[in-house]
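Asker: If it helps, the file is called protein.pdb and holds PDB, N, CA and C atoms:
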```
MODEL        1
ATOM      1  N   MET W 248     -36.990  -2.768   4.895
ATOM      2  CA  MET W 248     -37.062  -2.670   3.454
ATOM      3  C   MET W 248     -36.319  -1.439   2.947
ATOM      4  N   SER W 249     -36.283  -0.365   3.720
ATOM      5  CA  SER W 249     -35.628   0.843   3.241
ATOM      6  C   SER W 249     -34.125   0.653   3.062
ATOM      7  N   GLY W 250     -33.528  -0.321   3.748
ATOM      8  CA  GLY W 250     -32.100  -0.583   3.605
ATOM      9  C   GLY W 250     -31.744  -1.219   2.277
ATOM     10  N   ASN W 251     -32.737  -1.796   1.580
ATOM     11  CA  ASN W 251     -32.489  -2.471   0.313
ATOM     12  C   ASN W 251     -32.725  -1.582  -0.900
ATOM     13  N   LEU W 252     -33.172  -0.346  -0.691
ATOM     14  CA  LEU W 252     -33.457   0.543  -1.813
ATOM     15  C   LEU W 252     -32.166   1.108  -2.388
ATOM     16  N   PRO W 253     -32.080   1.194  -3.712
ATOM     17  CA  PRO W 253     -30.882   1.789  -4.316
ATOM     18  C   PRO W 253     -30.812   3.281  -4.029
ATOM     19  N   ASN W 254     -29.634   3.826  -4.131
ATOM     20  CA  ASN W 254     -29.415   5.251  -3.906
ATOM     21  C   ASN W 254     -29.671   5.984  -5.219
ATOM     22  N   PHE W 255     -30.718   6.823  -5.235
ATOM     23  CA  PHE W 255     -31.078   7.537  -6.451
ATOM     24  C   PHE W 255     -30.622   8.989  -6.424
ATOM     25  N   LYS W 256     -29.715   9.343  -5.538
ATOM     26  CA  LYS W 256     -29.219  10.707  -5.516
ATOM     27  C   LYS W 256     -28.435  10.964  -6.804
ATOM     28  N   GLU W 257     -28.685  12.115  -7.398
ATOM     29  CA  GLU W 257     -28.079  12.418  -8.705
ATOM     30  C   GLU W 257     -26.557  12.398  -8.656
ATOM     31  N   GLU W 258     -25.983  12.953  -7.590
ATOM     32  CA  GLU W 258     -24.520  12.993  -7.504
ATOM     33  C   GLU W 258     -23.930  11.589  -7.550
ATOM     34  N   GLN W 259     -24.537  10.652  -6.834
ATOM     35  CA  GLN W 259     -24.033   9.278  -6.810
ATOM     36  C   GLN W 259     -24.254   8.584  -8.150
ATOM     37  N   SER W 260     -25.461   8.703  -8.693
ATOM     38  CA  SER W 260     -25.771   7.989  -9.930
ATOM     39  C   SER W 260     -25.005   8.558 -11.125
ATOM     40  N   ALA W 261     -24.630   9.822 -11.085
ATOM     41  CA  ALA W 261     -23.876  10.416 -12.190
ATOM     42  C   ALA W 261     -22.433   9.906 -12.224
ATOM     43  N   LYS W 262     -21.928   9.474 -11.098
ATOM     44  CA  LYS W 262     -20.531   9.017 -11.030
ATOM     45  C   LYS W 262     -20.358   7.573 -11.485
ATOM     46  N   ILE W 263     -21.418   6.793 -11.448
ATOM     47  CA  ILE W 263     -21.314   5.363 -11.765
ATOM     48  C   ILE W 263     -20.816   5.120 -13.187
ATOM     49  N   PRO W 264     -21.339   5.791 -14.222
ATOM     50  CA  PRO W 264     -20.804   5.552 -15.577
ATOM     51  C   PRO W 264     -19.323   5.918 -15.705
ATOM     52  N   ALA W 265     -18.913   7.001 -15.064
ATOM     53  CA  ALA W 265     -17.504   7.394 -15.131
ATOM     54  C   ALA W 265     -16.622   6.366 -14.426
ATOM     55  N   LEU W 266     -17.053   5.894 -13.269
ATOM     56  CA  LEU W 266     -16.282   4.878 -12.547
ATOM     57  C   LEU W 266     -16.196   3.586 -13.350
ATOM     58  N   THR W 267     -17.282   3.224 -14.007
ATOM     59  CA  THR W 267     -17.291   2.012 -14.828
ATOM     60  C   THR W 267     -16.322   2.151 -15.996
ATOM     61  N   LEU W 268     -16.383   3.289 -16.685
ATOM     62  CA  LEU W 268     -15.484   3.523 -17.820
ATOM     63  C   LEU W 268     -14.026   3.488 -17.381
ATOM     64  N   LEU W 269     -13.699   4.200 -16.324
ATOM     65  CA  LEU W 269     -12.313   4.235 -15.860
ATOM     66  C   LEU W 269     -11.839   2.857 -15.393
ATOM     67  N   SER W 270     -12.706   2.112 -14.743
ATOM     68  CA  SER W 270     -12.342   0.748 -14.323
ATOM     69  C   SER W 270     -12.074  -0.132 -15.534
ATOM     70  N   ASN W 271     -12.902   0.017 -16.569
ATOM     71  CA  ASN W 271     -12.705  -0.769 -17.794
ATOM     72  C   ASN W 271     -11.427  -0.372 -18.523
ATOM     73  N   LEU W 272     -10.948   0.840 -18.317
ATOM     74  CA  LEU W 272      -9.698   1.295 -18.936
ATOM     75  C   LEU W 272      -8.467   0.894 -18.120
ATOM     76  N   GLY W 273      -8.696   0.230 -16.988
ATOM     77  CA  GLY W 273      -7.579  -0.271 -16.194
ATOM     78  C   GLY W 273      -7.261   0.540 -14.961
ATOM     79  N   TYR W 274      -8.017   1.604 -14.707
ATOM     80  CA  TYR W 274      -7.789   2.398 -13.506
ATOM     81  C   TYR W 274      -8.332   1.659 -12.290
ATOM     82  N   GLN W 275      -7.695   1.876 -11.159
ATOM     83  CA  GLN W 275      -8.117   1.240  -9.918
ATOM     84  C   GLN W 275      -8.821   2.265  -9.032
ATOM     85  N   PHE W 276      -9.984   1.914  -8.530
ATOM     86  CA  PHE W 276     -10.733   2.794  -7.639
ATOM     87  C   PHE W 276     -10.085   2.785  -6.262
ATOM     88  N   ILE W 277      -9.849   3.973  -5.731
ATOM     89  CA  ILE W 277      -9.313   4.114  -4.380
ATOM     90  C   ILE W 277     -10.399   4.772  -3.543
ATOM     91  N   PRO W 278     -10.879   4.098  -2.506
ATOM     92  CA  PRO W 278     -11.937   4.675  -1.678
ATOM     93  C   PRO W 278     -11.499   6.024  -1.085
ATOM     94  N   PRO W 279     -12.452   6.939  -0.874
ATOM     95  CA  PRO W 279     -12.123   8.284  -0.388
ATOM     96  C   PRO W 279     -11.289   8.306   0.891
ATOM     97  N   VAL W 280     -11.562   7.428   1.825
ATOM     98  CA  VAL W 280     -10.805   7.419   3.087
ATOM     99  C   VAL W 280      -9.349   7.051   2.825
ATOM    100  N   GLN W 281      -9.132   6.022   2.005
ATOM    101  CA  GLN W 281      -7.770   5.604   1.670
ATOM    102  C   GLN W 281      -7.065   6.684   0.844
ATOM    103  N   CYS W 282      -7.796   7.320  -0.049
ATOM    104  CA  CYS W 282      -7.234   8.384  -0.879
ATOM    105  C   CYS W 282      -6.763   9.549  -0.015
ATOM    106  N   ALA W 283      -7.583   9.941   0.954
ATOM    107  CA  ALA W 283      -7.209  11.038   1.847
ATOM    108  C   ALA W 283      -5.948  10.694   2.627
ATOM    109  N   ALA W 284      -5.831   9.449   3.056
ATOM    110  CA  ALA W 284      -4.633   9.032   3.787
ATOM    111  C   ALA W 284      -3.400   9.059   2.884
ATOM    112  N   MET W 285      -3.561   8.680   1.624
ATOM    113  CA  MET W 285      -2.444   8.660   0.683
ATOM    114  C   MET W 285      -2.001  10.070   0.300
ATOM    115  N   ARG W 286      -2.942  11.029   0.302
ATOM    116  CA  ARG W 286      -2.609  12.417  -0.014
ATOM    117  C   ARG W 286      -1.773  13.032   1.096
ATOM    118  N   GLY W 287      -2.072  12.661   2.332
ATOM    119  CA  GLY W 287      -1.308  13.200   3.450
ATOM    120  C   GLY W 287      -1.896  14.472   4.022
ATOM    121  N   SER W 288      -2.331  15.384   3.175
ATOM    122  CA  SER W 288      -2.949  16.627   3.647
ATOM    123  C   SER W 288      -3.932  17.111   2.593
ATOM    124  N   LEU W 289      -4.824  17.986   3.009
ATOM    125  CA  LEU W 289      -5.829  18.498   2.084
ATOM    126  C   LEU W 289      -5.224  19.398   1.016
ATOM    127  N   SER W 290      -4.034  19.930   1.261
ATOM    128  CA  SER W 290      -3.404  20.804   0.269
ATOM    129  C   SER W 290      -2.718  20.018  -0.849
ATOM    130  N   THR W 291      -2.584  18.705  -0.684
ATOM    131  CA  THR W 291      -1.993  17.861  -1.722
ATOM    132  C   THR W 291      -3.110  17.377  -2.632
ATOM    133  N   VAL W 292      -3.034  17.722  -3.914
ATOM    134  CA  VAL W 292      -4.115  17.389  -4.832
ATOM    135  C   VAL W 292      -3.821  16.171  -5.698
ATOM    136  N   ILE W 293      -2.628  15.612  -5.583
ATOM    137  CA  ILE W 293      -2.295  14.392  -6.320
ATOM    138  C   ILE W 293      -1.909  13.319  -5.307
ATOM    139  N   LEU W 294      -1.773  12.108  -5.770
ATOM    140  CA  LEU W 294      -1.289  11.011  -4.938
ATOM    141  C   LEU W 294       0.158  10.749  -5.338
ATOM    142  N   PRO W 295       1.105  11.401  -4.674
ATOM    143  CA  PRO W 295       2.509  11.303  -5.099
ATOM    144  C   PRO W 295       3.044   9.874  -5.151
ATOM    145  N   GLY W 296       2.659   9.041  -4.203
ATOM    146  CA  GLY W 296       3.141   7.655  -4.198
ATOM    147  C   GLY W 296       2.639   6.864  -5.393
ATOM    148  N   VAL W 297       1.379   7.046  -5.735
ATOM    149  CA  VAL W 297       0.800   6.348  -6.886
ATOM    150  C   VAL W 297       1.447   6.859  -8.171
ATOM    151  N   LEU W 298       1.607   8.175  -8.277
ATOM    152  CA  LEU W 298       2.233   8.754  -9.466
ATOM    153  C   LEU W 298       3.670   8.266  -9.614
ATOM    154  N   ARG W 299       4.405   8.206  -8.512
ATOM    155  CA  ARG W 299       5.794   7.727  -8.561
ATOM    156  C   ARG W 299       5.837   6.275  -9.054
ATOM    157  N   ASP W 300       4.936   5.427  -8.543
ATOM    158  CA  ASP W 300       4.909   4.027  -8.976
ATOM    159  C   ASP W 300       4.629   3.905 -10.475
ATOM    160  N   VAL W 301       3.714   4.724 -10.986
ATOM    161  CA  VAL W 301       3.396   4.691 -12.422
ATOM    162  C   VAL W 301       4.597   5.157 -13.235
ATOM    163  N   LEU W 302       5.223   6.255 -12.804
ATOM    164  CA  LEU W 302       6.351   6.803 -13.562
ATOM    165  C   LEU W 302       7.578   5.888 -13.538
ATOM    166  N   LEU W 303       7.715   5.080 -12.496
ATOM    167  CA  LEU W 303       8.830   4.137 -12.441
ATOM    168  C   LEU W 303       8.770   3.112 -13.567
ATOM    169  N   HIS W 304       7.577   2.887 -14.099
ATOM    170  CA  HIS W 304       7.409   1.908 -15.175
ATOM    171  C   HIS W 304       7.357   2.545 -16.565
ATOM    172  N   LYS W 305       7.376   3.856 -16.642
ATOM    173  CA  LYS W 305       7.334   4.543 -17.940
ATOM    174  C   LYS W 305       8.716   4.515 -18.580
ATOM    175  N   THR W 306       8.724   4.428 -19.899
ATOM    176  CA  THR W 306       9.984   4.395 -20.632
ATOM    177  C   THR W 306       9.943   5.399 -21.774
ATOM    178  N   PHE W 307      11.120   5.691 -22.300
ATOM    179  CA  PHE W 307      11.232   6.550 -23.476
ATOM    180  C   PHE W 307      12.314   5.975 -24.370
ATOM    181  N   GLY W 308      12.196   6.265 -25.640
ATOM    182  CA  GLY W 308      13.169   5.756 -26.598
ATOM    183  C   GLY W 308      14.245   6.783 -26.905
ATOM    184  N   PHE W 309      15.482   6.318 -26.991
ATOM    185  CA  PHE W 309      16.600   7.187 -27.375
ATOM    186  C   PHE W 309      17.657   6.324 -28.039
ATOM    187  N   MET W 310      18.062   6.729 -29.236
ATOM    188  CA  MET W 310      19.094   6.033 -29.998
ATOM    189  C   MET W 310      18.747   4.548 -30.188
ATOM    190  N   GLY W 311      17.475   4.284 -30.447
ATOM    191  CA  GLY W 311      17.042   2.921 -30.720
ATOM    192  C   GLY W 311      16.900   2.031 -29.500
ATOM    193  N   LYS W 312      17.075   2.576 -28.303
ATOM    194  CA  LYS W 312      16.945   1.775 -27.082
ATOM    195  C   LYS W 312      15.866   2.380 -26.193
ATOM    196  N   THR W 313      15.308   1.543 -25.357
ATOM    197  CA  THR W 313      14.297   1.977 -24.404
ATOM    198  C   THR W 313      14.945   2.199 -23.051
ATOM    199  N   HIS W 314      14.627   3.331 -22.436
ATOM    200  CA  HIS W 314      15.200   3.681 -21.132
ATOM    201  C   HIS W 314      14.089   4.058 -20.161
ATOM    202  N   LYS W 315      14.345   3.808 -18.880
ATOM    203  CA  LYS W 315      13.404   4.226 -17.842
ATOM    204  C   LYS W 315      13.747   5.642 -17.414
ATOM    205  N   LEU W 316      12.764   6.319 -16.849
ATOM    206  CA  LEU W 316      12.998   7.670 -16.326
ATOM    207  C   LEU W 316      13.899   7.604 -15.098
ATOM    208  N   SER W 317      14.761   8.592 -14.951
ATOM    209  CA  SER W 317      15.628   8.653 -13.777
ATOM    210  C   SER W 317      14.835   9.160 -12.578
ATOM    211  N   ALA W 318      15.386   8.965 -11.398
ATOM    212  CA  ALA W 318      14.745   9.441 -10.167
ATOM    213  C   ALA W 318      14.590  10.958 -10.200
ATOM    214  N   ALA W 319      15.595  11.656 -10.749
ATOM    215  CA  ALA W 319      15.527  13.121 -10.827
ATOM    216  C   ALA W 319      14.395  13.568 -11.749
ATOM    217  N   ALA W 320      14.205  12.874 -12.866
ATOM    218  CA  ALA W 320      13.127  13.220 -13.795
ATOM    219  C   ALA W 320      11.772  12.966 -13.149
ATOM    220  N   ILE W 321      11.643  11.863 -12.443
ATOM    221  CA  ILE W 321      10.387  11.549 -11.751
ATOM    222  C   ILE W 321      10.091  12.604 -10.695
ATOM    223  N   ASP W 322      11.109  13.008  -9.942
ATOM    224  CA  ASP W 322      10.926  14.054  -8.932
ATOM    225  C   ASP W 322      10.458  15.355  -9.570
ATOM    226  N   LYS W 323      11.028  15.708 -10.730
ATOM    227  CA  LYS W 323      10.628  16.948 -11.405
ATOM    228  C   LYS W 323       9.181  16.869 -11.872
ATOM    229  N   ILE W 324       8.789  15.739 -12.427
ATOM    230  CA  ILE W 324       7.416  15.582 -12.900
ATOM    231  C   ILE W 324       6.436  15.700 -11.738
ATOM    232  N   ILE W 325       6.730  15.039 -10.641
ATOM    233  CA  ILE W 325       5.849  15.107  -9.476
ATOM    234  C   ILE W 325       5.780  16.530  -8.951
ATOM    235  N   HIS W 326       6.907  17.209  -8.926
ATOM    236  CA  HIS W 326       6.925  18.602  -8.457
ATOM    237  C   HIS W 326       6.084  19.497  -9.365
ATOM    238  N   GLU W 327       6.174  19.280 -10.666
ATOM    239  CA  GLU W 327       5.400  20.091 -11.620
ATOM    240  C   GLU W 327       3.906  19.810 -11.521
ATOM    241  N   LEU W 328       3.540  18.573 -11.218
ATOM    242  CA  LEU W 328       2.128  18.211 -11.139
ATOM    243  C   LEU W 328       1.510  18.480  -9.773
ATOM    244  N   ALA W 329       2.312  18.846  -8.816
ATOM    245  CA  ALA W 329       1.803  19.146  -7.470
ATOM    246  C   ALA W 329       1.740  20.661  -7.318
ATOM    247  N   PRO W 330       0.629  21.261  -7.771
ATOM    248  CA  PRO W 330       0.557  22.724  -7.741
ATOM    249  C   PRO W 330       0.587  23.275  -6.330
ATOM    250  N   ALA W 331       1.138  24.455  -6.209
ATOM    251  CA  ALA W 331       1.218  25.121  -4.910
ATOM    252  C   ALA W 331      -0.149  25.679  -4.558
ATOM    253  N   MET W 332      -0.803  25.071  -3.606
ATOM    254  CA  MET W 332      -2.148  25.498  -3.237
ATOM    255  C   MET W 332      -2.139  26.850  -2.528
ATOM    256  N   ASN W 333      -0.972  27.288  -2.053
ATOM    257  CA  ASN W 333      -0.917  28.598  -1.393
ATOM    258  C   ASN W 333      -1.075  29.748  -2.388
ATOM    259  N   GLU W 334      -1.018  29.446  -3.679
ATOM    260  CA  GLU W 334      -1.236  30.464  -4.715
ATOM    261  C   GLU W 334      -2.716  30.630  -5.024
ATOM    262  N   GLY W 335      -3.546  29.781  -4.463
ATOM    263  CA  GLY W 335      -4.979  29.839  -4.712
ATOM    264  C   GLY W 335      -5.422  28.722  -5.625
ATOM    265  N   LEU W 336      -6.693  28.387  -5.542
ATOM    266  CA  LEU W 336      -7.239  27.266  -6.296
ATOM    267  C   LEU W 336      -7.195  27.504  -7.807
ATOM    268  N   LYS W 337      -7.514  28.710  -8.253
ATOM    269  CA  LYS W 337      -7.521  29.000  -9.687
ATOM    270  C   LYS W 337      -6.130  28.844 -10.281
ATOM    271  N   ALA W 338      -5.134  29.418  -9.634
ATOM    272  CA  ALA W 338      -3.755  29.322 -10.130
ATOM    273  C   ALA W 338      -3.270  27.876 -10.117
ATOM    274  N   ALA W 339      -3.625  27.130  -9.063
ATOM    275  CA  ALA W 339      -3.219  25.728  -8.972
ATOM    276  C   ALA W 339      -3.862  24.910 -10.089
ATOM    277  N   ASN W 340      -5.151  25.141 -10.350
ATOM    278  CA  ASN W 340      -5.838  24.419 -11.419
ATOM    279  C   ASN W 340      -5.248  24.740 -12.785
ATOM    280  N   GLU W 341      -4.915  26.011 -13.021
ATOM    281  CA  GLU W 341      -4.318  26.398 -14.305
ATOM    282  C   GLU W 341      -2.962  25.729 -14.494
ATOM    283  N   LYS W 342      -2.163  25.700 -13.442
ATOM    284  CA  LYS W 342      -0.838  25.089 -13.533
ATOM    285  C   LYS W 342      -0.958  23.590 -13.812
ATOM    286  N   LEU W 343      -1.856  22.922 -13.111
ATOM    287  CA  LEU W 343      -2.047  21.491 -13.307
ATOM    288  C   LEU W 343      -2.603  21.198 -14.700
ATOM    289  N   TYR W 344      -3.577  21.981 -15.143
ATOM    290  CA  TYR W 344      -4.164  21.799 -16.479
ATOM    291  C   TYR W 344      -3.100  21.977 -17.561
ATOM    292  N   ASN W 345      -2.305  23.041 -17.458
ATOM    293  CA  ASN W 345      -1.261  23.290 -18.459
ATOM    294  C   ASN W 345      -0.231  22.170 -18.482
ATOM    295  N   ALA W 346       0.158  21.687 -17.320
ATOM    296  CA  ALA W 346       1.150  20.606 -17.262
ATOM    297  C   ALA W 346       0.599  19.334 -17.897
ATOM    298  N   MET W 347      -0.677  19.062 -17.669
ATOM    299  CA  MET W 347      -1.254  17.818 -18.192
ATOM    300  C   MET W 347      -1.582  17.906 -19.682
ATOM    301  N   THR W 348      -1.923  19.092 -20.171
ATOM    302  CA  THR W 348      -2.268  19.205 -21.586
ATOM    303  C   THR W 348      -1.062  19.481 -22.471
ATOM    304  N   HIS W 349      -0.104  20.238 -21.991
ATOM    305  CA  HIS W 349       1.069  20.588 -22.797
ATOM    306  C   HIS W 349       2.275  19.703 -22.498
ATOM    307  N   GLY W 350       2.214  18.951 -21.414
ATOM    308  CA  GLY W 350       3.307  18.069 -21.053
ATOM    309  C   GLY W 350       4.344  18.755 -20.188
ATOM    310  N   ILE W 351       5.245  17.963 -19.689
ATOM    311  CA  ILE W 351       6.328  18.439 -18.833
ATOM    312  C   ILE W 351       7.626  17.972 -19.469
ATOM    313  N   SER W 352       8.550  18.888 -19.676
ATOM    314  CA  SER W 352       9.836  18.526 -20.264
ATOM    315  C   SER W 352      10.821  18.167 -19.171
ATOM    316  N   VAL W 353      11.480  17.066 -19.364
ATOM    317  CA  VAL W 353      12.560  16.675 -18.461
ATOM    318  C   VAL W 353      13.766  16.328 -19.327
ATOM    319  N   THR W 354      14.938  16.589 -18.798
ATOM    320  CA  THR W 354      16.169  16.293 -19.519
ATOM    321  C   THR W 354      16.798  15.033 -18.927
ATOM    322  N   GLU W 355      17.093  14.105 -19.777
ATOM    323  CA  GLU W 355      17.750  12.862 -19.363
ATOM    324  C   GLU W 355      19.079  12.752 -20.105
ATOM    325  N   PHE W 356      20.097  12.306 -19.427
ATOM    326  CA  PHE W 356      21.392  12.093 -20.040
ATOM    327  C   PHE W 356      21.660  10.590 -20.118
ATOM    328  N   ILE W 357      21.870  10.129 -21.337
ATOM    329  CA  ILE W 357      22.162   8.713 -21.593
ATOM    330  C   ILE W 357      23.556   8.646 -22.192
ATOM    331  N   ASP W 358      24.459   8.027 -21.477
ATOM    332  CA  ASP W 358      25.852   7.893 -21.930
ATOM    333  C   ASP W 358      26.440   9.246 -22.333
ATOM    334  N   GLY W 359      26.162  10.271 -21.535
ATOM    335  CA  GLY W 359      26.695  11.604 -21.791
ATOM    336  C   GLY W 359      25.939  12.410 -22.827
ATOM    337  N   ASN W 360      24.916  11.856 -23.423
ATOM    338  CA  ASN W 360      24.121  12.565 -24.435
ATOM    339  C   ASN W 360      22.789  12.980 -23.838
TER     340      ASN W 360
ENDMDL
END
```
Output the structure of this file as structure tokens.

Answerer:
Amino acid sequence: MSGNLPNFKEEQSAKIPALTLLSNLGYQFIPPVQCAAMRGSLSTVILPGVLRDVLLHKTFGFMGKTHKLSAAAIDKIIHELAPAMNEGLKAANEKLYNAMTHGISVTEFIDGN
């Protein structure tokens, strides 16, 4: 009977509403084991492959046309969002927070402009 009891640990139950909300917004849950494998190392705080796939589908408007981000722009964004953990956790968190709240500027050239 003990195997059928729900888990009432606060840490687990507090995450369920957030997971439900994010799932309803279209986010996909990645189990911790798979996530760790995708990160590659503990010093990597983002999933570069997932981020690259998302950015490949992002577009921006210029001169009335829609354009996709270039490979160089995607590389710059990933580099900016992958804080250097050797600077310490506080510095890495500040860099990531600033990049996500203020944005990252990339320069794209379309037909020489």

Asker: Could you jot down the atom C of W:Val297 to atom N of W:Glu341 separation for me, Å, one decimal place?

Answerer: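 Answer for the atom C of W:Val297 to atom N of W:Glu341 separation: 20.8 Å.
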
Asker: What residues come out when you apply the PyMOL selection byres (((chain W and resi 343 and name CA) around 8) and name CA) to this file, written as a compact mmCIF listing (two decimals) with N, CA and C atoms, keeping the file's coordinate frame?

Answerer:
```txt
# COMPACT_ATOMS: atom_id res chain seq x y z
N GLU W 327 6.17 19.28 -10.67
CA GLU W 327 5.40 20.09 -11.62
C GLU W 327 3.91 19.81 -11.52
N LEU W 328 3.54 18.57 -11.22
CA LEU W 328 2.13 18.21 -11.14
C LEU W 328 1.51 18.48 -9.77
N ALA W 329 2.31 18.85 -8.82
CA ALA W 329 1.80 19.15 -7.47
C ALA W 329 1.74 20.66 -7.32
N PRO W 330 0.63 21.26 -7.77
CA PRO W 330 0.56 22.72 -7.74
C PRO W 330 0.59 23.28 -6.33
N ALA W 339 -3.62 27.13 -9.06
CA ALA W 339 -3.22 25.73 -8.97
C ALA W 339 -3.86 24.91 -10.09
N ASN W 340 -5.15 25.14 -10.35
CA ASN W 340 -5.84 24.42 -11.42
C ASN W 340 -5.25 24.74 -12.78
N GLU W 341 -4.92 26.01 -13.02
CA GLU W 341 -4.32 26.40 -14.30
C GLU W 341 -2.96 25.73 -14.49
N LYS W 342 -2.16 25.70 -13.44
CA LYS W 342 -0.84 25.09 -13.53
C LYS W 342 -0.96 23.59 -13.81
N TYR W 344 -3.58 21.98 -15.14
CA TYR W 344 -4.16 21.80 -16.48
C TYR W 344 -3.10 21.98 -17.56
N ASN W 345 -2.31 23.04 -17.46
CA ASN W 345 -1.26 23.29 -18.46
C ASN W 345 -0.23 22.17 -18.48
N ALA W 346 0.16 21.69 -17.32
CA ALA W 346 1.15 20.61 -17.26
C ALA W 346 0.60 19.33 -17.90
N MET W 347 -0.68 19.06 -17.67
CA MET W 347 -1.25 17.82 -18.19
C MET W 347 -1.58 17.91 -19.68
```

Asker: As a VMD selection string, please: every residue in chain W that a backbone DSSP assignment puts in alpha helix (DSSP H).

Answerer: chain W and resid 257 to 271 279 to 286 295 to 303 318 to 328 336 to 349

Asker: What does the distance between atom CA of W:Gly350 and atom N of W:Ile325 come to in Å, to one decimal place?

Answerer: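 These two atoms are separated by 11.4 Å.
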
Asker: Hey, can you check how far atom C of W:Arg286 sits from atom C of W:Arg299?

Answerer: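 Distance between the two atoms: 14.4 Å.
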
Asker: Could you list, as an mmCIF file with N, CA and C atoms, keeping the file's coordinate frame, every residue within 8 Å of stretch 309-323 of chain W, counting only N, CA and C atoms and ignoring same-chain residues fewer than 4 positions away?

Answerer:
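In the end it all went to around.cif:
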```cif
data_model
loop_
_atom_site.group_PDB
_atom_site.id
_atom_site.type_symbol
_atom_site.label_atom_id
_atom_site.label_comp_id
_atom_site.auth_asym_id
_atom_site.auth_seq_id
_atom_site.Cartn_x
_atom_site.Cartn_y
_atom_site.Cartn_z
ATOM 1 N N LEU W 298 1.607 8.175 -8.277
ATOM 2 C CA LEU W 298 2.233 8.754 -9.466
ATOM 3 C C LEU W 298 3.670 8.266 -9.614
ATOM 4 N N ARG W 299 4.405 8.206 -8.512
ATOM 5 C CA ARG W 299 5.794 7.727 -8.561
ATOM 6 C C ARG W 299 5.837 6.275 -9.054
ATOM 7 N N LEU W 302 5.223 6.255 -12.804
ATOM 8 C CA LEU W 302 6.351 6.803 -13.562
ATOM 9 C C LEU W 302 7.578 5.888 -13.538
ATOM 10 N N LEU W 303 7.715 5.080 -12.496
ATOM 11 C CA LEU W 303 8.830 4.137 -12.441
ATOM 12 C C LEU W 303 8.770 3.112 -13.567
ATOM 13 N N HIS W 304 7.577 2.887 -14.099
ATOM 14 C CA HIS W 304 7.409 1.908 -15.175
ATOM 15 C C HIS W 304 7.357 2.545 -16.565
ATOM 16 N N LYS W 305 7.376 3.856 -16.642
ATOM 17 C CA LYS W 305 7.334 4.543 -17.940
ATOM 18 C C LYS W 305 8.716 4.515 -18.580
ATOM 19 N N GLU W 327 6.174 19.280 -10.666
ATOM 20 C CA GLU W 327 5.400 20.091 -11.620
ATOM 21 C C GLU W 327 3.906 19.810 -11.521
ATOM 22 N N LEU W 328 3.540 18.573 -11.218
ATOM 23 C CA LEU W 328 2.128 18.211 -11.139
ATOM 24 C C LEU W 328 1.510 18.480 -9.773
ATOM 25 N N ALA W 329 2.312 18.846 -8.816
ATOM 26 C CA ALA W 329 1.803 19.146 -7.470
ATOM 27 C C ALA W 329 1.740 20.661 -7.318
ATOM 28 N N ILE W 351 5.245 17.963 -19.689
ATOM 29 C CA ILE W 351 6.328 18.439 -18.833
ATOM 30 C C ILE W 351 7.626 17.972 -19.469
ATOM 31 N N SER W 352 8.550 18.888 -19.676
ATOM 32 C CA SER W 352 9.836 18.526 -20.264
ATOM 33 C C SER W 352 10.821 18.167 -19.171
ATOM 34 N N VAL W 353 11.480 17.066 -19.364
ATOM 35 C CA VAL W 353 12.560 16.675 -18.461
ATOM 36 C C VAL W 353 13.766 16.328 -19.327
ATOM 37 N N THR W 354 14.938 16.589 -18.798
ATOM 38 C CA THR W 354 16.169 16.293 -19.519
ATOM 39 C C THR W 354 16.798 15.033 -18.927
ATOM 40 N N GLU W 355 17.093 14.105 -19.777
ATOM 41 C CA GLU W 355 17.750 12.862 -19.363
ATOM 42 C C GLU W 355 19.079 12.752 -20.105
ATOM 43 N N PHE W 356 20.097 12.306 -19.427
ATOM 44 C CA PHE W 356 21.392 12.093 -20.040
ATOM 45 C C PHE W 356 21.660 10.590 -20.118
#
```

Asker: From the DSSP assignment of the backbone, select every residue of chain W that is strand (DSSP E or B), and format the answer as a list in words.

Answerer: Thr306, Phe307, Gly308, Phe309, Lys312, Thr313, His314 and Lys315 of chain W

Asker: Would you compute the box with edges along x, y and z of the file around stretch 290-298 of chain W, including every atom the file lists for it and 6 Å extra on each side, and give its centre and edge lengths in Å to one decimal, as lines of an AutoDock Vina configuration file?

Answerer:
```
center_x = -0.2
center_y = 13.6
center_z = -4.2
size_x = 19.8
size_y = 26.5
size_z = 22.9
```

Asker: Taking only C-alpha atoms into account, name the residue in W:Ser260, W:Ile357, W:Leu336, W:Ser290 that is nearest to W:Phe307.

Answerer: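 Ranked by minimum distance to W:Phe307, first place goes to W:Ile357.
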